[in-house]
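Presented below is the structure to which this report refers.
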Amino acid sequence: MFQLIGGNPFAAAILFAAIIAGVLIAAEQSSNRPRAREAGVDVGILPAGPLNAITDVAGVKVGHHTLWQGDSIRTGVTVIVPHSGNLFQEKVPAAIYCGNAFGKLAGSTQVDELGTLETPIALTNTLSVPVAMQALVKYTLSLPGNEGAMSVNAVVGETNDGWLNDIRGMHVKEEHVLQALQSASAGAVEEGSVGAGAGTQCLGFKGGIGTSSRKMPKDFGGYTIGVLVQSNFGGILTINGAPVGRELGKFYLSQRVAKPQDDGSCMIVVAT
């Protein structure tokens, strides 16, 4: 089962863990930089999976392609692949929920109506949704067994990375989406300023891609739930109850906090 959530962020332990993972790692791309749990930030009461990532859900793969060029290009693509088979022929149950959202989430109408997902999910920036859709359609049509396909419902989510990225340049191309698909793996998920998180910001800090997982007790089915987020929103950073952003005096638009306004969005992919 896959669920794609778009809109303003909301509170839940597993989502919080994934968002904090992205915030803590994004400031510096380094394999030596600890994840939140490794830094002693233990969120919630349920145990994480072996990878503490959406890829703890059997069959799920994640791939990135990052564009980091010059002083102005900070963007990319992240793809989530539900299984390694022909997804168009072996669709998976899916649902989409939007909270206070007016984003450019593509493919939601068919998922709402039929309750299935027939392509990988791509995340990118707002103005690159069309090219990501085109790439997913071409990829799906190219798979053996899909020669007779006349309609493909590509699902693409987005956040606006225009503060750090030359979004009007529309630098994401079809080949970048295909490269993300080709690089997708079921192992540890690269987090932070990668893929669709290269140009995002969150809670007054650098945002990015974050992921986490939890395992339910056997008495509750023993299910694994995995989450991946593309964080790009405001607010004040709180880590496991500690008012970090307030203590540091660092949060999105801190000089204008008394004037409520739009301050971004968050794409959340949930798998089980």
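Quick note on naming: the chains in the structure tokens go A, B, ... in the order shown, residues restart at 1 in each chain, and ligands are numbered from 1 in order of appearance.
Using only C-alpha atoms, the contacts of Val177 of chain A at a cut-off of 7 Å, with sequence neighbours closer than 3 positions omitted, comprise Val77, Ala132, Ala135, Lys173, Glu174, Ala180 and Leu181 of chain A.
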Next, write the just-selected residues to a file, as a PDB file, in the first residue's frame, keeping N, CA and C atoms as the atom set.
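That gives us out.pdb:
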```
ATOM      1  N   VAL A  77      15.776  15.158  -8.920  1.00  0.00           N
ATOM      2  CA  VAL A  77      14.651  14.231  -8.975  1.00  0.00           C
ATOM      3  C   VAL A  77      14.894  13.105  -7.977  1.00  0.00           C
ATOM      4  N   ALA A 132       8.944  15.424 -15.750  1.00  0.00           N
ATOM      5  CA  ALA A 132       9.008  14.174 -14.992  1.00  0.00           C
ATOM      6  C   ALA A 132       7.873  13.240 -15.397  1.00  0.00           C
ATOM      7  N   ALA A 135       8.784  11.682 -18.737  1.00  0.00           N
ATOM      8  CA  ALA A 135       9.804  10.644 -18.578  1.00  0.00           C
ATOM      9  C   ALA A 135       9.198   9.357 -18.027  1.00  0.00           C
ATOM     10  N   LYS A 173      15.686  17.425 -16.836  1.00  0.00           N
ATOM     11  CA  LYS A 173      15.340  16.876 -18.144  1.00  0.00           C
ATOM     12  C   LYS A 173      14.895  15.419 -17.997  1.00  0.00           C
ATOM     13  N   GLU A 174      14.326  14.878 -19.081  1.00  0.00           N
ATOM     14  CA  GLU A 174      13.848  13.491 -19.042  1.00  0.00           C
ATOM     15  C   GLU A 174      14.955  12.524 -18.655  1.00  0.00           C
ATOM     16  N   ALA A 180      17.641   8.629 -12.399  1.00  0.00           N
ATOM     17  CA  ALA A 180      17.187   8.347 -11.035  1.00  0.00           C
ATOM     18  C   ALA A 180      16.551   6.961 -10.957  1.00  0.00           C
ATOM     19  N   LEU A 181      15.761   6.607 -11.968  1.00  0.00           N
ATOM     20  CA  LEU A 181      15.144   5.279 -12.014  1.00  0.00           C
ATOM     21  C   LEU A 181      16.201   4.189 -12.110  1.00  0.00           C
TER      22      LEU A 181
END
```
Handout entry: strand (DSSP E or B) call set, DSSP backbone run, segment 10-156 of chain A, as a PyMOL selection string
Key = chain A and resi 61-69+73-81+92-99+106+116-117+121-125+155-156
Problem - Long-range neighbours of Gln134 of chain A as a ChimeraX atom specification, 10 Å cut-off, only C-alpha atoms, 4 positions minimum in chain - result: /A:129-130,138-140,152,154,173-174,177
Report the closest atom pair, with its distance in Å rounded to one decimal, for each residue of segment 111-210 of chain A that has an atom no farther than 6 Å from segment 61-64 of chain A; count only C-alpha atoms, sort by chain and then rising residue number, and write it as a Markdown table.
```
| residue | atom | partner | partner_atom | distance |
| --- | --- | --- | --- | --- |
| A:Ala180 | CA | A:His64 | CA | 4.6 |
| A:Leu181 | CA | A:Gly63 | CA | 5.9 |
| A:Ser183 | CA | A:Gly63 | CA | 5.2 |
| A:Ala184 | CA | A:Gly63 | CA | 3.6 |
| A:Ser185 | CA | A:Lys61 | CA | 4.7 |
| A:Ala186 | CA | A:Lys61 | CA | 4.3 |
| A:Gly195 | CA | A:His64 | CA | 4.6 |
```
Among the residues of segment 103-247 of chain A, find those DSSP assigns to helix (DSSP H, G or I) from the backbone and print them as a PDB file with C-alpha atoms, in the first residue's frame.
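Written output follows (result-v2.pdb):
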```pdb
ATOM      1  CA  SER A 108      -3.943  12.208  -8.320  1.00  0.00           C
ATOM      2  CA  THR A 109      -7.336  12.022 -10.065  1.00  0.00           C
ATOM      3  CA  GLN A 110      -6.912   8.449 -11.309  1.00  0.00           C
ATOM      4  CA  VAL A 111      -5.386   7.267  -8.033  1.00  0.00           C
ATOM      5  CA  ASP A 112      -8.350   8.734  -6.148  1.00  0.00           C
ATOM      6  CA  GLU A 113     -10.790   7.021  -8.514  1.00  0.00           C
ATOM      7  CA  LEU A 114      -9.159   3.599  -8.993  1.00  0.00           C
ATOM      8  CA  THR A 126       7.291  22.725  -9.230  1.00  0.00           C
ATOM      9  CA  LEU A 127       8.158  23.648 -12.824  1.00  0.00           C
ATOM     10  CA  SER A 128       9.661  20.233 -13.601  1.00  0.00           C
ATOM     11  CA  VAL A 129       6.475  18.230 -13.013  1.00  0.00           C
ATOM     12  CA  PRO A 130       5.609  18.041 -16.754  1.00  0.00           C
ATOM     13  CA  VAL A 131       9.025  16.737 -17.807  1.00  0.00           C
ATOM     14  CA  ALA A 132       9.008  14.174 -14.992  1.00  0.00           C
ATOM     15  CA  MET A 133       5.576  12.980 -16.127  1.00  0.00           C
ATOM     16  CA  GLN A 134       6.794  12.658 -19.711  1.00  0.00           C
ATOM     17  CA  ALA A 135       9.804  10.644 -18.578  1.00  0.00           C
ATOM     18  CA  LEU A 136       7.677   8.277 -16.475  1.00  0.00           C
ATOM     19  CA  VAL A 137       5.257   7.764 -19.365  1.00  0.00           C
ATOM     20  CA  LYS A 138       8.062   6.974 -21.815  1.00  0.00           C
ATOM     21  CA  TYR A 139       9.734   4.673 -19.287  1.00  0.00           C
ATOM     22  CA  THR A 140       6.486   2.775 -18.718  1.00  0.00           C
ATOM     23  CA  LEU A 141       5.702   2.455 -22.439  1.00  0.00           C
ATOM     24  CA  SER A 142       9.196   1.072 -23.058  1.00  0.00           C
ATOM     25  CA  ILE A 167      13.617  27.155 -11.018  1.00  0.00           C
ATOM     26  CA  ARG A 168      12.675  29.181 -14.117  1.00  0.00           C
ATOM     27  CA  GLY A 169      15.584  27.585 -15.970  1.00  0.00           C
ATOM     28  CA  GLU A 174      13.848  13.491 -19.042  1.00  0.00           C
ATOM     29  CA  GLU A 175      17.249  11.818 -18.896  1.00  0.00           C
ATOM     30  CA  HIS A 176      17.673  12.928 -15.283  1.00  0.00           C
ATOM     31  CA  VAL A 177      14.450  11.163 -14.303  1.00  0.00           C
ATOM     32  CA  LEU A 178      15.580   8.030 -16.145  1.00  0.00           C
ATOM     33  CA  GLN A 179      18.964   8.181 -14.396  1.00  0.00           C
ATOM     34  CA  ALA A 180      17.187   8.347 -11.035  1.00  0.00           C
ATOM     35  CA  LEU A 181      15.144   5.279 -12.014  1.00  0.00           C
ATOM     36  CA  GLN A 182      18.249   3.418 -13.126  1.00  0.00           C
ATOM     37  CA  SER A 183      20.036   4.204  -9.866  1.00  0.00           C
ATOM     38  CA  GLY A 195      17.587  14.611  -5.646  1.00  0.00           C
ATOM     39  CA  ALA A 196      14.347  16.513  -5.135  1.00  0.00           C
ATOM     40  CA  GLY A 197      15.722  17.877  -1.855  1.00  0.00           C
ATOM     41  CA  LYS A 218       3.446  -8.985  15.982  1.00  0.00           C
ATOM     42  CA  ASP A 219       0.196  -8.574  17.914  1.00  0.00           C
ATOM     43  CA  PHE A 220      -0.625  -5.704  15.544  1.00  0.00           C
ATOM     44  CA  VAL A 244      15.886  24.111  19.068  1.00  0.00           C
ATOM     45  CA  GLY A 245      14.780  26.780  16.605  1.00  0.00           C
ATOM     46  CA  ARG A 246      13.431  29.064  19.313  1.00  0.00           C
ATOM     47  CA  GLU A 247      16.576  28.752  21.446  1.00  0.00           C
TER      48      GLU A 247
END
```
Completion exercise
Min atom-atom distance to Gly207 of chain A from the set A:Ser151, A:Ser265, A:Gln3, A:Thr224, counting only C-alpha atoms, belongs to A:Ser265
Problem - Test item: residues at most 8 Å from Val57 of chain A, only C-alpha atoms, excluding those fewer than 3 positions along its chain, as a PyMOL selection string - result: chain A and resi 54+60+224-226+271-272
Please dump the current selection as a JSON list (two decimals), in the first residue's frame; keep C-alpha atoms.
```
[["chain", "number", "residue", "atom", "x", "y", "z"],
["A", 54, "ILE", "CA", 11.27, 3.48, 3.37],
["A", 60, "VAL", "CA", 10.66, -0.68, -2.35],
["A", 224, "THR", "CA", 6.66, -2.38, 8.45],
["A", 225, "ILE", "CA", 5.76, 1.24, 7.66],
["A", 226, "GLY", "CA", 8.23, 3.39, 5.75],
["A", 271, "ALA", "CA", 4.63, 2.64, 2.11],
["A", 272, "THR", "CA", 3.64, -0.58, 3.87]]
```
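Restricting the calculation to only C-alpha atoms, the smallest distance between Ile121 of chain A and any of A:Thr238, A:Ile5, A:Ser193, A:Asn32 is found for A:Ile5.
The space separating atom CA of Cys266 of chain A from atom CA of Gly6 of chain A comes to 6.0 Å.
You will find atom CA of Val155 of chain A at 7.2 Å from atom CA of Pro120 of chain A.
The space separating atom CA of Met267 of chain A from atom CA of Thr119 of chain A comes to 17.2 Å.
Distances to Ile73 of chain A were evaluated for A:Gly221, A:Gly234, A:Pro243, A:Gly162 using only C-alpha atoms, and the minimum falls at A:Gly162.
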Using only C-alpha atoms, what does the table of segment 109-218 of chain A residues within 6 Å of segment 88-99 of chain A look like, with each row giving the shortest atom pair and its distance in Å to one decimal, sorted by chain and ascending number, as a Markdown table?
```
| residue | atom | partner | partner_atom | distance |
| --- | --- | --- | --- | --- |
| A:Gly115 | CA | A:Ala94 | CA | 5.2 |
| A:Thr116 | CA | A:Pro93 | CA | 4.4 |
| A:Leu117 | CA | A:Val92 | CA | 5.4 |
| A:Glu118 | CA | A:Phe88 | CA | 4.5 |
```
